[in-house]
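J.: What follows is target26.cif; its format and atoms are mmCIF, C-alpha atoms.
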```
data_final
#
loop_
_atom_site.label_atom_id
_atom_site.label_comp_id
_atom_site.auth_asym_id
_atom_site.auth_seq_id
_atom_site.Cartn_x
_atom_site.Cartn_y
_atom_site.Cartn_z
CA MET J 104 -56.99 3.33 63.72
CA PRO J 105 -55.71 6.29 65.81
CA ALA J 106 -54.57 5.47 69.32
CA LEU J 107 -57.13 6.05 72.02
CA PRO J 108 -56.47 9.08 74.22
CA LEU J 109 -54.62 8.39 77.43
CA ASP J 110 -56.61 11.04 79.32
CA LEU J 111 -60.01 9.45 79.79
CA THR J 112 -61.05 11.50 82.82
CA THR J 113 -63.86 13.18 80.90
CA THR J 114 -65.54 9.97 79.79
CA VAL J 115 -68.61 8.68 81.56
CA GLU J 116 -67.26 5.28 82.50
CA ALA J 117 -63.55 6.10 82.93
CA ASP J 118 -63.90 7.32 86.49
CA LEU J 119 -65.28 4.03 87.76
CA PRO J 120 -64.79 4.05 91.53
CA ALA J 121 -62.21 1.74 93.02
CA SER J 122 -65.04 -0.24 94.61
CA ALA J 123 -66.41 -1.04 91.15
CA LEU J 124 -63.05 -2.13 89.76
CA GLU J 125 -62.26 -4.22 92.81
CA GLY J 126 -62.72 -7.87 91.99
CA VAL J 127 -63.03 -7.36 88.21
CA GLY J 128 -61.80 -10.57 86.66
CA GLU J 129 -62.49 -12.58 89.79
CA ARG J 130 -66.18 -12.56 88.93
CA PRO J 131 -67.46 -13.92 85.59
CA PHE J 132 -67.18 -11.24 82.92
CA GLY J 133 -69.27 -11.01 79.78
CA VAL J 134 -69.29 -8.86 76.66
CA TYR J 135 -72.50 -7.94 74.90
CA VAL J 136 -72.22 -6.58 71.36
CA HIS J 137 -75.21 -4.72 69.92
CA VAL J 138 -75.67 -4.88 66.16
CA PRO J 139 -78.19 -2.13 65.29
CA PHE J 140 -79.02 -3.21 61.73
CA CYS J 141 -82.23 -4.87 60.49
CA ALA J 142 -83.52 -5.59 57.00
CA THR J 143 -87.06 -4.59 58.04
CA ARG J 144 -88.67 -3.31 61.24
CA CYS J 145 -90.98 -5.70 63.07
CA GLY J 146 -94.19 -4.05 64.26
CA TYR J 147 -93.80 -5.10 67.92
CA CYS J 148 -90.10 -4.23 68.31
CA ASP J 149 -88.85 -1.22 70.26
CA PHE J 150 -85.17 -2.22 70.26
CA ASN J 151 -82.49 0.21 69.15
CA THR J 152 -82.42 -0.92 65.51
CA TYR J 153 -82.37 0.74 62.11
CA THR J 154 -83.08 -0.30 58.55
CA ALA J 155 -80.83 0.79 55.69
CA GLY J 156 -83.49 3.27 54.59
CA GLU J 157 -83.64 4.85 58.03
CA LEU J 158 -79.86 5.22 58.24
CA GLY J 159 -79.16 6.34 54.69
CA SER J 160 -75.50 7.26 54.38
CA ALA J 161 -75.19 8.33 58.04
CA ALA J 162 -73.82 4.97 59.20
CA SER J 163 -72.84 1.58 57.84
CA PRO J 164 -71.73 -1.81 59.12
CA GLU J 165 -68.15 -0.72 58.35
CA SER J 166 -68.31 2.47 60.45
CA TRP J 167 -70.09 0.55 63.21
CA LEU J 168 -67.40 -2.15 63.26
CA ASP J 169 -64.66 0.47 63.36
CA GLY J 170 -66.38 2.12 66.32
CA LEU J 171 -66.87 -1.23 68.02
CA LYS J 172 -63.15 -2.02 67.84
CA ARG J 173 -62.34 1.38 69.34
CA GLU J 174 -64.85 0.90 72.14
CA LEU J 175 -63.52 -2.54 73.05
CA ASP J 176 -59.98 -1.15 73.20
CA LEU J 177 -61.27 1.67 75.40
CA ALA J 178 -63.00 -0.90 77.61
CA ALA J 179 -59.77 -2.80 78.19
CA MET J 180 -58.06 0.47 79.14
CA VAL J 181 -60.83 1.59 81.52
CA LEU J 182 -60.88 -1.76 83.33
CA LYS J 183 -57.10 -1.55 83.76
CA LYS J 184 -56.58 -5.28 84.33
CA ALA J 185 -58.68 -6.42 81.42
CA PRO J 186 -60.30 -9.75 82.36
CA GLU J 187 -60.58 -12.62 79.95
CA VAL J 188 -64.15 -12.96 78.76
CA ASP J 189 -66.32 -15.83 79.98
CA THR J 190 -69.27 -15.15 77.67
CA VAL J 191 -69.90 -13.19 74.48
CA PHE J 192 -73.39 -12.44 73.23
CA VAL J 193 -73.92 -10.71 69.88
CA GLY J 194 -77.47 -9.39 69.70
CA GLY J 195 -79.55 -6.82 67.94
CA GLY J 196 -80.94 -6.07 65.54
CA THR J 197 -79.97 -8.81 63.16
CA PRO J 198 -76.34 -9.89 63.65
CA SER J 199 -76.59 -12.47 60.87
CA LEU J 200 -76.86 -9.59 58.36
CA LEU J 201 -73.11 -9.11 58.97
CA GLY J 202 -72.44 -12.51 57.46
CA ALA J 203 -69.95 -15.04 58.76
CA ASP J 204 -66.95 -12.85 57.97
CA GLY J 205 -68.45 -9.84 59.73
CA LEU J 206 -69.30 -11.82 62.84
CA GLY J 207 -65.82 -13.33 62.77
CA SER J 208 -64.40 -9.79 62.81
CA VAL J 209 -66.56 -8.95 65.82
CA LEU J 210 -65.25 -11.94 67.74
CA ASP J 211 -61.66 -11.15 66.71
CA ALA J 212 -62.14 -7.66 68.17
CA VAL J 213 -63.28 -9.12 71.50
CA ARG J 214 -60.35 -11.53 71.52
CA GLY J 215 -57.93 -8.73 70.72
CA ALA J 216 -59.14 -6.48 73.52
CA PHE J 217 -59.72 -9.06 76.24
CA GLY J 218 -59.03 -12.63 75.25
CA LEU J 219 -61.44 -15.49 75.89
CA VAL J 220 -61.34 -18.11 78.61
CA LYS J 221 -60.82 -21.64 77.33
CA ASP J 222 -64.48 -22.68 77.59
CA ALA J 223 -66.07 -19.31 76.77
CA GLU J 224 -69.68 -19.37 75.66
CA VAL J 225 -69.97 -17.40 72.40
CA THR J 226 -73.51 -16.74 71.15
CA THR J 227 -74.99 -14.84 68.25
CA GLU J 228 -78.61 -14.12 67.51
CA SER J 229 -79.64 -14.79 63.94
CA ASN J 230 -82.66 -14.26 61.75
CA PRO J 231 -83.38 -17.60 60.05
CA GLU J 232 -83.83 -15.88 56.67
CA SER J 233 -80.26 -14.51 56.69
CA THR J 234 -78.63 -17.84 57.51
CA SER J 235 -77.50 -20.81 55.44
CA PRO J 236 -75.35 -23.93 55.89
CA ALA J 237 -72.34 -21.90 54.70
CA PHE J 238 -73.13 -19.16 57.25
CA PHE J 239 -73.25 -21.65 60.12
CA ASP J 240 -70.05 -23.34 58.97
CA GLY J 241 -68.35 -19.95 58.80
CA ILE J 242 -69.29 -18.69 62.26
CA ARG J 243 -68.56 -22.09 63.81
CA ALA J 244 -65.05 -21.90 62.34
CA ALA J 245 -64.74 -18.34 63.68
CA GLY J 246 -65.34 -19.53 67.25
CA PHE J 247 -69.07 -19.20 67.89
CA ASN J 248 -70.51 -22.16 69.76
CA ARG J 249 -74.11 -21.15 70.50
CA ILE J 250 -76.91 -19.90 68.23
CA SER J 251 -80.17 -18.14 69.11
CA LEU J 252 -82.73 -18.10 66.30
CA GLY J 253 -85.82 -15.91 66.19
CA MET J 254 -88.81 -18.08 65.36
CA GLN J 255 -91.70 -16.36 67.20
CA SER J 256 -94.42 -18.53 65.62
CA ALA J 257 -95.05 -21.23 63.05
CA ALA J 258 -98.39 -19.68 62.04
CA GLN J 259 -98.26 -17.44 58.98
CA HIS J 260 -101.09 -15.15 60.15
CA VAL J 261 -99.35 -14.62 63.51
CA LEU J 262 -96.08 -13.76 61.80
CA LYS J 263 -97.97 -11.28 59.62
CA ILE J 264 -99.38 -9.48 62.67
CA LEU J 265 -95.86 -9.31 64.13
CA ASP J 266 -94.47 -8.08 60.77
CA ARG J 267 -92.00 -10.95 60.74
CA THR J 268 -90.64 -11.67 57.28
CA HIS J 269 -89.43 -15.27 57.56
CA THR J 270 -91.41 -18.21 56.25
CA PRO J 271 -92.87 -20.49 58.94
CA GLY J 272 -90.66 -23.51 58.20
CA ARG J 273 -87.36 -21.67 57.91
CA PRO J 274 -86.47 -21.47 61.65
CA VAL J 275 -86.71 -25.26 62.02
CA ALA J 276 -84.58 -25.78 58.92
CA ALA J 277 -82.04 -23.24 60.19
CA ALA J 278 -81.83 -24.95 63.58
CA LYS J 279 -81.13 -28.27 61.90
CA GLU J 280 -78.47 -26.64 59.68
CA ALA J 281 -76.81 -25.16 62.78
CA ARG J 282 -76.70 -28.55 64.47
CA GLU J 283 -75.25 -30.13 61.33
CA ALA J 284 -72.54 -27.43 61.37
CA GLY J 285 -71.50 -28.59 64.83
CA PHE J 286 -73.51 -26.33 67.12
CA GLU J 287 -74.42 -28.35 70.19
CA HIS J 288 -76.36 -25.46 71.76
CA VAL J 289 -79.20 -23.97 69.71
CA ASN J 290 -82.04 -21.79 71.01
CA LEU J 291 -85.35 -20.90 69.39
CA ASP J 292 -87.32 -17.83 70.52
CA VAL J 293 -91.11 -17.99 70.71
CA ILE J 294 -93.57 -15.14 71.30
CA TYR J 295 -97.01 -16.00 72.67
CA GLY J 296 -100.18 -13.98 73.16
CA THR J 297 -100.22 -12.29 69.76
CA PRO J 298 -103.74 -11.05 68.87
CA GLY J 299 -105.38 -13.68 66.68
CA GLU J 300 -103.16 -16.54 67.87
CA ARG J 301 -105.22 -19.62 68.69
CA VAL J 302 -104.32 -22.45 71.05
CA GLU J 303 -103.75 -24.73 68.06
CA ASP J 304 -101.38 -22.12 66.56
CA LEU J 305 -99.25 -22.13 69.71
CA GLN J 306 -99.32 -25.93 69.86
CA ALA J 307 -98.15 -26.11 66.25
CA SER J 308 -95.33 -23.67 67.01
CA LEU J 309 -94.18 -25.75 69.95
CA ASP J 310 -94.40 -28.94 67.90
CA ALA J 311 -92.13 -27.28 65.33
CA VAL J 312 -89.70 -26.16 68.04
CA LEU J 313 -89.45 -29.68 69.41
CA ALA J 314 -89.09 -31.17 65.92
CA ALA J 315 -86.04 -28.94 65.43
CA GLY J 316 -84.21 -30.79 68.20
CA VAL J 317 -82.98 -27.66 69.99
CA ASP J 318 -81.68 -27.81 73.57
CA HIS J 319 -82.96 -24.39 74.65
CA VAL J 320 -86.22 -22.47 74.22
CA SER J 321 -87.03 -18.88 75.19
CA ALA J 322 -90.74 -18.00 75.31
CA TYR J 323 -91.86 -14.42 75.86
CA ALA J 324 -95.32 -12.97 76.31
CA LEU J 325 -96.07 -10.30 73.73
CA ILE J 326 -95.70 -6.83 75.22
CA VAL J 327 -97.23 -3.88 73.38
CA GLU J 328 -94.46 -1.29 73.61
CA GLU J 329 -95.26 2.40 73.27
CA GLY J 330 -94.16 3.92 70.01
CA THR J 331 -94.33 0.71 67.99
CA ALA J 332 -96.53 0.03 64.97
CA LEU J 333 -98.31 -2.66 67.00
CA ALA J 334 -99.12 -0.17 69.77
CA ARG J 335 -100.61 2.21 67.24
CA LYS J 336 -102.83 -0.55 65.85
CA VAL J 337 -104.02 -1.48 69.34
CA LYS J 338 -104.69 2.18 70.17
CA ARG J 339 -106.75 2.58 66.99
CA GLY J 340 -108.76 -0.52 67.86
CA GLU J 341 -107.50 -2.50 64.86
CA LEU J 342 -106.11 -5.20 67.17
CA PRO J 343 -107.04 -6.19 70.73
CA ALA J 344 -104.48 -5.88 73.50
CA PRO J 345 -103.03 -9.19 74.78
CA ASP J 346 -105.33 -10.78 77.36
CA ASP J 347 -103.76 -11.66 80.74
CA ASP J 348 -105.83 -14.82 81.17
CA VAL J 349 -104.88 -16.01 77.69
CA LEU J 350 -101.21 -15.26 78.39
CA ALA J 351 -101.35 -17.32 81.61
CA ALA J 352 -103.00 -20.27 79.83
CA ASP J 353 -100.44 -20.04 77.01
CA TYR J 354 -97.57 -20.07 79.50
CA GLU J 355 -98.93 -23.18 81.21
CA LEU J 356 -99.26 -24.93 77.85
CA ILE J 357 -95.67 -24.00 76.91
CA ASP J 358 -94.33 -25.25 80.23
CA GLU J 359 -96.29 -28.51 79.99
CA MET J 360 -95.19 -29.32 76.45
CA LEU J 361 -91.53 -28.44 77.03
CA ILE J 362 -91.36 -30.44 80.26
CA LYS J 363 -92.80 -33.49 78.50
CA ALA J 364 -90.05 -33.11 75.88
CA GLY J 365 -87.31 -33.06 78.53
CA LEU J 366 -86.67 -29.33 78.84
CA ARG J 367 -86.87 -27.71 82.29
CA TRP J 368 -87.35 -24.09 83.22
CA TYR J 369 -84.32 -22.42 84.80
CA GLU J 370 -85.59 -18.83 84.44
CA VAL J 371 -89.22 -17.82 84.13
CA SER J 372 -89.01 -17.40 80.34
CA ASN J 373 -86.29 -19.94 79.55
CA TRP J 374 -86.11 -23.73 79.36
CA ALA J 375 -83.08 -25.96 78.75
CA SER J 376 -82.45 -29.67 78.32
CA SER J 377 -79.47 -29.67 80.72
CA ASP J 378 -77.32 -27.39 82.85
CA ALA J 379 -74.84 -27.16 79.97
CA ALA J 380 -77.60 -25.92 77.67
CA ARG J 381 -78.46 -22.93 79.87
CA CYS J 382 -77.39 -19.53 78.57
CA ARG J 383 -74.43 -18.61 80.74
CA HIS J 384 -74.37 -15.04 79.45
CA ASN J 385 -77.93 -14.33 80.54
CA LEU J 386 -77.32 -16.07 83.85
CA GLY J 387 -74.61 -13.47 84.38
CA TYR J 388 -77.24 -10.73 84.08
CA TRP J 389 -79.68 -12.46 86.41
CA ARG J 390 -77.00 -13.09 89.03
CA GLY J 391 -75.78 -9.50 89.04
CA GLY J 392 -72.49 -10.14 87.23
CA ASP J 393 -70.18 -7.79 85.31
CA TRP J 394 -70.48 -7.12 81.60
CA TRP J 395 -69.45 -4.55 79.06
CA GLY J 396 -72.10 -3.66 76.51
CA ALA J 397 -70.50 -2.43 73.28
CA GLY J 398 -72.37 -0.81 70.41
CA PRO J 399 -75.05 1.88 70.00
CA GLY J 400 -77.47 1.94 72.91
CA ALA J 401 -75.76 -0.96 74.73
CA HIS J 402 -75.85 -1.04 78.54
CA SER J 403 -72.97 -2.08 80.80
CA HIS J 404 -72.59 -3.00 84.47
CA VAL J 405 -69.41 -3.31 86.50
CA GLY J 406 -69.34 -3.55 90.27
CA GLY J 407 -72.54 -1.64 90.93
CA VAL J 408 -72.03 1.05 88.26
CA ARG J 409 -74.25 1.00 85.19
CA TRP J 410 -73.93 3.10 82.02
CA TRP J 411 -75.34 3.17 78.52
CA ASN J 412 -74.18 4.31 75.11
CA VAL J 413 -75.70 6.88 72.79
CA LYS J 414 -78.26 5.24 70.54
CA HIS J 415 -77.67 6.41 66.99
CA PRO J 416 -75.00 4.45 65.09
CA ALA J 417 -73.66 7.59 63.38
CA ARG J 418 -73.22 9.46 66.68
CA TYR J 419 -71.71 6.36 68.27
CA ALA J 420 -69.11 5.95 65.51
CA SER J 421 -68.36 9.67 65.39
CA LEU J 422 -67.61 9.95 69.10
CA LEU J 423 -65.24 7.02 69.01
CA ALA J 424 -63.53 8.26 65.85
CA ASP J 425 -62.83 11.50 67.76
CA GLY J 426 -61.29 9.56 70.65
CA ALA J 427 -64.25 10.18 72.96
CA SER J 428 -66.40 7.80 74.94
CA PRO J 429 -69.73 6.75 73.37
CA ALA J 430 -71.42 6.64 76.77
CA GLY J 431 -74.53 8.78 77.10
CA GLY J 432 -75.18 8.47 80.83
CA ARG J 433 -74.56 6.43 83.93
CA GLU J 434 -75.77 5.68 87.43
CA VAL J 435 -74.13 4.35 90.56
CA LEU J 436 -76.50 1.85 92.13
CA THR J 437 -77.29 2.41 95.79
CA GLU J 438 -77.48 -0.45 98.24
CA ALA J 439 -81.27 -0.19 97.99
CA ASP J 440 -81.08 -0.39 94.17
CA ARG J 441 -78.87 -3.46 94.29
CA HIS J 442 -81.08 -5.10 96.90
CA LEU J 443 -84.20 -4.60 94.76
CA GLU J 444 -82.47 -5.82 91.60
CA ARG J 445 -81.15 -8.91 93.35
CA ILE J 446 -84.65 -9.88 94.47
CA MET J 447 -86.17 -9.03 91.08
CA LEU J 448 -83.63 -11.05 89.08
CA GLU J 449 -82.70 -14.00 91.29
CA LEU J 450 -86.29 -14.80 92.21
CA ARG J 451 -86.94 -15.48 88.50
CA LEU J 452 -84.42 -18.34 88.57
CA ALA J 453 -85.34 -21.94 89.34
CA GLU J 454 -82.70 -21.94 92.08
CA GLY J 455 -84.48 -19.00 93.66
CA LEU J 456 -83.27 -16.39 96.11
CA SER J 457 -81.43 -16.91 99.37
CA LEU J 458 -83.54 -15.76 102.31
CA ASP J 459 -80.43 -13.94 103.54
CA ALA J 460 -81.28 -11.29 100.93
CA LEU J 461 -84.57 -10.41 102.68
CA ASP J 462 -85.22 -8.16 105.66
CA ALA J 463 -87.73 -9.01 108.38
CA ASP J 464 -90.68 -7.66 106.39
CA GLY J 465 -89.54 -9.53 103.29
CA LEU J 466 -89.25 -12.77 105.23
CA ALA J 467 -92.76 -12.32 106.60
CA GLU J 468 -94.07 -11.76 103.07
CA ALA J 469 -92.19 -14.82 101.84
CA ARG J 470 -93.92 -16.96 104.46
CA LYS J 471 -97.31 -15.53 103.47
CA ALA J 472 -96.55 -16.17 99.80
CA ALA J 473 -95.70 -19.79 100.62
CA THR J 474 -99.03 -20.30 102.37
CA GLU J 475 -100.72 -18.85 99.25
CA GLY J 476 -98.96 -21.36 97.01
CA LEU J 477 -96.67 -18.81 95.34
CA LEU J 478 -93.39 -19.99 96.91
CA ASP J 479 -92.24 -23.57 97.48
CA VAL J 480 -92.67 -24.48 101.16
CA SER J 481 -89.88 -27.06 101.30
CA ALA J 482 -87.43 -24.68 99.60
CA LEU J 483 -88.40 -21.95 102.06
CA ASP J 484 -87.64 -24.31 104.96
CA ALA J 485 -84.23 -24.89 103.36
CA GLY J 486 -83.49 -21.16 103.23
CA ARG J 487 -84.50 -20.20 99.68
CA ALA J 488 -87.44 -18.42 98.08
CA VAL J 489 -88.36 -20.48 95.00
CA LEU J 490 -91.38 -19.77 92.84
CA THR J 491 -94.00 -22.47 92.40
CA ASP J 492 -95.67 -23.04 89.05
CA ARG J 493 -98.42 -20.62 90.13
CA GLY J 494 -95.82 -18.22 91.47
CA ARG J 495 -94.16 -17.98 88.08
CA LEU J 496 -97.41 -16.61 86.64
CA LEU J 497 -97.41 -13.90 89.30
CA ALA J 498 -93.65 -13.38 89.63
CA ASP J 499 -93.73 -9.58 89.37
CA GLY J 500 -96.23 -9.35 92.20
CA VAL J 501 -94.18 -11.67 94.40
CA VAL J 502 -91.09 -9.52 93.78
CA ARG J 503 -92.95 -6.39 94.84
CA ARG J 504 -94.07 -8.04 98.05
CA LEU J 505 -90.63 -9.35 99.04
CA ALA J 506 -88.90 -6.07 98.20
CA ALA J 507 -91.40 -3.72 99.84
#
```
Please express what this file holds, its structure, as structure tokens.

T.:
Amino acid sequence: MPALPLDLTTTVEADLPASALEGVGERPFGVYVHVPFCATRCGYCDFNTYTAGELGSAASPESWLDGLKRELDLAAMVLKKAPEVDTVFVGGGTPSLLGADGLGSVLDAVRGAFGLVKDAEVTTESNPESTSPAFFDGIRAAGFNRISLGMQSAAQHVLKILDRTHTPGRPVAAAKEAREAGFEHVNLDVIYGTPGERVEDLQASLDAVLAAGVDHVSAYALIVEEGTALARKVKRGELPAPDDDVLAADYELIDEMLIKAGLRWYEVSNWASSDAARCRHNLGYWRGGDWWGAGPGAHSHVGGVRWWNVKHPARYASLLADGASPAGGREVLTEADRHLERIMLELRLAEGLSLDALDADGLAEARKAATEGLLDVSALDAGRAVLTDRGRLLADGVVRRLAA
């Protein structure tokens, strides 16, 4: 691999202001790696992903990995005093398509550029259909210690609407295989509110999740994203749009069943069986931490500066091969931006938001929200804005009120 250029003054992220670099390494630091490859495209997905047919010969896992190594080396140079990494999260796309050896190479690249703290959390997303006992053994040996599996639903007709290709029982089997390989922390993702999903379908999905013995569950309401196959079907009237009342009832059912099983919410869409089971990497996002996002389309944030990479894997790899930055744009967050994001993200956490973050108008709105049953009164008296069960259903509206 050619050496990276020493003159990085023309790159988007190289001229990070001193204020952004100040304290790097003193705060938790994460690395997100975006794997842009998928075997098929799910109808609801608008992530930056590509099938082999869409890419053709323009890009490959090999050219992507070569670019990734170059970007991580560039990252260590830009940050000057490269911090050891507290959390690694490999997402996509379908990281498990890389196989255990490929994911091991990804983690080796992170280690080589930064190093890992002793108790680093190292997660990879995986599609259950591209996993096996040998896969889990391999990535566990490579240093991964947390797995996130995409389940979405246990109902075949729901999976068909979502264009998911796995068989309904495979996610549960994969979760059990991961645990047998030594993974203490295993997450299953669920999507609720899919057109045609019945209450009994969601209950069956949750029963399957709990039977898998996982210690973390993420549950997301289906969002019809513009430009997706699902959006086109809704626009043509082939499928109804998700119903807000149904989504609220589904969320309450999910919360009830998970609580009975010993999992507690710690972020509006995430439940864990213990503090140790919480996703530390995502907590870094929600608490306004620093992270470097490597890979096509990945976003980064360091000290109030945010930037994002070009999306296409071929362009990404080509820029890095030429010794250039893959960044496509950036923004320096204003104090107002950071204030809004702090309210928007921290209020979603079970620990809530310190009232110190609110101005006089925000405090007045917080008190009104408490009288309306949206914020916990006792927590407010103790100096924090914490959503009630009802408040979680209306979290976006509460954020708008407190930040206005």

J.: Restricting the calculation to all atoms listed in the file, which member of J:His415, J:Lys363, J:Arg273, J:His137 is positioned closest to Tyr153 (chain J)?

T.: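 Of all the options, J:His415 lies closest to Tyr153 (chain J).
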
J.: Nearest to Cys382 (chain J): which of J:Glu287, J:Glu224, J:Glu449, J:Asp348 is it, counting all atoms listed in the file?

T.: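 Checking each of J:Glu287, J:Glu224, J:Glu449, J:Asp348 against Cys382 (chain J), counting all atoms listed in the file, the winner is J:Glu224.
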
J.: What does the distance between CA of Glu228 (chain J) and CA of Ser251 (chain J) come to in Å, to one decimal place?

T.: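 Between CA of Glu228 (chain J) and CA of Ser251 (chain J) the gap is 4.6 Å.
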
J.: Just how far from CA of Ser481 (chain J) is CA of Val320 (chain J), in Å to one decimal?

T.: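 Spanning CA of Val320 (chain J) to CA of Ser481 (chain J) is a straight-line distance of 27.7 Å.
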
J.: List the spatial neighbours of Val435 (chain J) as an MDAnalysis selection string - criterion: any atom at most 10 Å away, all atoms listed in the file, same-chain residues fewer than 6 positions off excluded.

T.: chainID J and resid 119:120 123 404:410 441

J.: Between CA of Ala185 (chain J) and CA of Gly218 (chain J), what distance in Å does the model show, to one decimal?

T.: 8.8 Å

J.: Evaluate the PyMOL selection byres ((chain J and resi 208) around 12) here and jot the selected residues down as a list in words.

T.: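 Here the PyMOL selection byres ((chain J and resi 208) around 12) matches Pro164, Glu165, Trp167, Leu168, Asp169, Leu171, Lys172, Val193, Pro198, Leu201, Gly202, Ala203, Asp204, Gly205, Leu206, Gly207, Val209, Leu210, Asp211, Ala212, Val213, Arg214, Gly215, Gly241, Ile242, Ala245, Gly246 and Phe247 of chain J.
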
J.: For Leu325 (chain J), list every protein, DNA or RNA residue within 8 Å, evaluated using all atoms listed in the file, and leave out those in the same chain fewer than 5 positions away; present the list as a list of chain:residue names.

T.: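 Those residues are J:Ile294, J:Tyr295, J:Gly296, J:Thr297, J:Pro345.
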
J.: J:Asp176, J:Asp266, J:Glu283, J:Glu187: which is nearest Phe238 (chain J), counting all atoms listed in the file?

T.: J:Glu283

J.: Report as a VMD selection string the residues that result from applying the PyMOL selection byres ((chain J and resi 483-490) around 9) to the structure here.

T.: chain J and resid 450 to 459 469 to 470 473 476 to 482 491 to 495 498 501

J.: Evaluate the PyMOL selection byres ((chain J and resi 248) around 10) here and jot the selected residues down as a short mmCIF file (atom, residue, chain, number, x, y, z; two decimals) with C-alpha atoms, keeping the file's coordinate frame.

T.:
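Produced file expr-v2.cif, reproduced below:
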```cif
data_model
loop_
_atom_site.label_atom_id
_atom_site.label_comp_id
_atom_site.auth_asym_id
_atom_site.auth_seq_id
_atom_site.Cartn_x
_atom_site.Cartn_y
_atom_site.Cartn_z
CA ASP J 222 -64.48 -22.68 77.59
CA ALA J 223 -66.07 -19.31 76.77
CA GLU J 224 -69.68 -19.37 75.66
CA VAL J 225 -69.97 -17.40 72.40
CA THR J 226 -73.51 -16.74 71.15
CA THR J 227 -74.99 -14.84 68.25
CA ILE J 242 -69.29 -18.69 62.26
CA ARG J 243 -68.56 -22.09 63.81
CA ALA J 244 -65.05 -21.90 62.34
CA ALA J 245 -64.74 -18.34 63.68
CA GLY J 246 -65.34 -19.53 67.25
CA PHE J 247 -69.07 -19.20 67.89
CA ARG J 249 -74.11 -21.15 70.50
CA ILE J 250 -76.91 -19.90 68.23
CA ALA J 281 -76.81 -25.16 62.78
CA GLY J 285 -71.50 -28.59 64.83
CA PHE J 286 -73.51 -26.33 67.12
CA GLU J 287 -74.42 -28.35 70.19
CA HIS J 288 -76.36 -25.46 71.76
CA VAL J 289 -79.20 -23.97 69.71
#
```

J.: If I put a ball of radius 12 Å at (-71.4, 7.7, 69.9) in the file's coordinates, which residues poke into it when counting only C-alpha atoms, written as an mmCIF file with C-alpha atoms, in the frame of the given file?

T.:
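Saved file selection30.cif follows:
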```cif
data_model
loop_
_atom_site.group_PDB
_atom_site.id
_atom_site.type_symbol
_atom_site.label_atom_id
_atom_site.label_comp_id
_atom_site.auth_asym_id
_atom_site.auth_seq_id
_atom_site.Cartn_x
_atom_site.Cartn_y
_atom_site.Cartn_z
ATOM 1 C CA THR J 114 -65.540 9.970 79.790
ATOM 2 C CA ALA J 162 -73.820 4.970 59.200
ATOM 3 C CA SER J 166 -68.310 2.470 60.450
ATOM 4 C CA TRP J 167 -70.090 0.550 63.210
ATOM 5 C CA ASP J 169 -64.660 0.470 63.360
ATOM 6 C CA GLY J 170 -66.380 2.120 66.320
ATOM 7 C CA LEU J 171 -66.870 -1.230 68.020
ATOM 8 C CA ARG J 173 -62.340 1.380 69.340
ATOM 9 C CA GLU J 174 -64.850 0.900 72.140
ATOM 10 C CA ALA J 397 -70.500 -2.430 73.280
ATOM 11 C CA GLY J 398 -72.370 -0.810 70.410
ATOM 12 C CA PRO J 399 -75.050 1.880 70.000
ATOM 13 C CA GLY J 400 -77.470 1.940 72.910
ATOM 14 C CA ALA J 401 -75.760 -0.960 74.730
ATOM 15 C CA TRP J 411 -75.340 3.170 78.520
ATOM 16 C CA ASN J 412 -74.180 4.310 75.110
ATOM 17 C CA VAL J 413 -75.700 6.880 72.790
ATOM 18 C CA LYS J 414 -78.260 5.240 70.540
ATOM 19 C CA HIS J 415 -77.670 6.410 66.990
ATOM 20 C CA PRO J 416 -75.000 4.450 65.090
ATOM 21 C CA ALA J 417 -73.660 7.590 63.380
ATOM 22 C CA ARG J 418 -73.220 9.460 66.680
ATOM 23 C CA TYR J 419 -71.710 6.360 68.270
ATOM 24 C CA ALA J 420 -69.110 5.950 65.510
ATOM 25 C CA SER J 421 -68.360 9.670 65.390
ATOM 26 C CA LEU J 422 -67.610 9.950 69.100
ATOM 27 C CA LEU J 423 -65.240 7.020 69.010
ATOM 28 C CA ALA J 424 -63.530 8.260 65.850
ATOM 29 C CA ASP J 425 -62.830 11.500 67.760
ATOM 30 C CA GLY J 426 -61.290 9.560 70.650
ATOM 31 C CA ALA J 427 -64.250 10.180 72.960
ATOM 32 C CA SER J 428 -66.400 7.800 74.940
ATOM 33 C CA PRO J 429 -69.730 6.750 73.370
ATOM 34 C CA ALA J 430 -71.420 6.640 76.770
ATOM 35 C CA GLY J 431 -74.530 8.780 77.100
ATOM 36 C CA GLY J 432 -75.180 8.470 80.830
#
```

J.: Identify which of the residues J:His319, J:Arg390, J:Arg383, J:Arg301 lies closest to Val349 (chain J), counting only C-alpha atoms when measuring atom-to-atom distances.

T.: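 So, comparing all the options, the nearest one is J:Arg301.
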
J.: So, counting all atoms listed in the file, which residue among J:Gly391, J:Gly146, J:Gly196, J:Pro236 is closest to Ile264 (chain J)?

T.: J:Gly146

J.: Could you check the closest approach to Arg335 (chain J) for each of J:Thr197, J:Leu436, J:Tyr147, J:Cys141 and tell me which residue wins, using all atoms listed in the file?

T.: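 Of all the options, J:Tyr147 lies closest to Arg335 (chain J).
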
J.: Taking 6 positions as the minimum chain separation for residues in the same chain, which residues sit within 8 Å of Ala344 (chain J) when counting only C-alpha atoms? Answer as an MDAnalysis selection string.

T.: chainID J and resid 298 327 337

J.: Show me, as JSON, the centre and edge lengths in Å to one decimal of the axis-aligned box that covers every listed atom of region 487-501 of chain J with 4 Å on each side.

T.:
```
{"center_x": -91.5, "center_y": -16.2, "center_z": 93.2, "size_x": 21.9, "size_y": 21.7, "size_z": 21.0}
```

J.: Could you name the residues that touch Gly465 (chain J) at 9 Å or less, counting all atoms listed in the file, but leaving out those on the same chain fewer than 3 positions away, as number ranges by chain?

T.: J: 458, 460-462, 468-470, 504-507
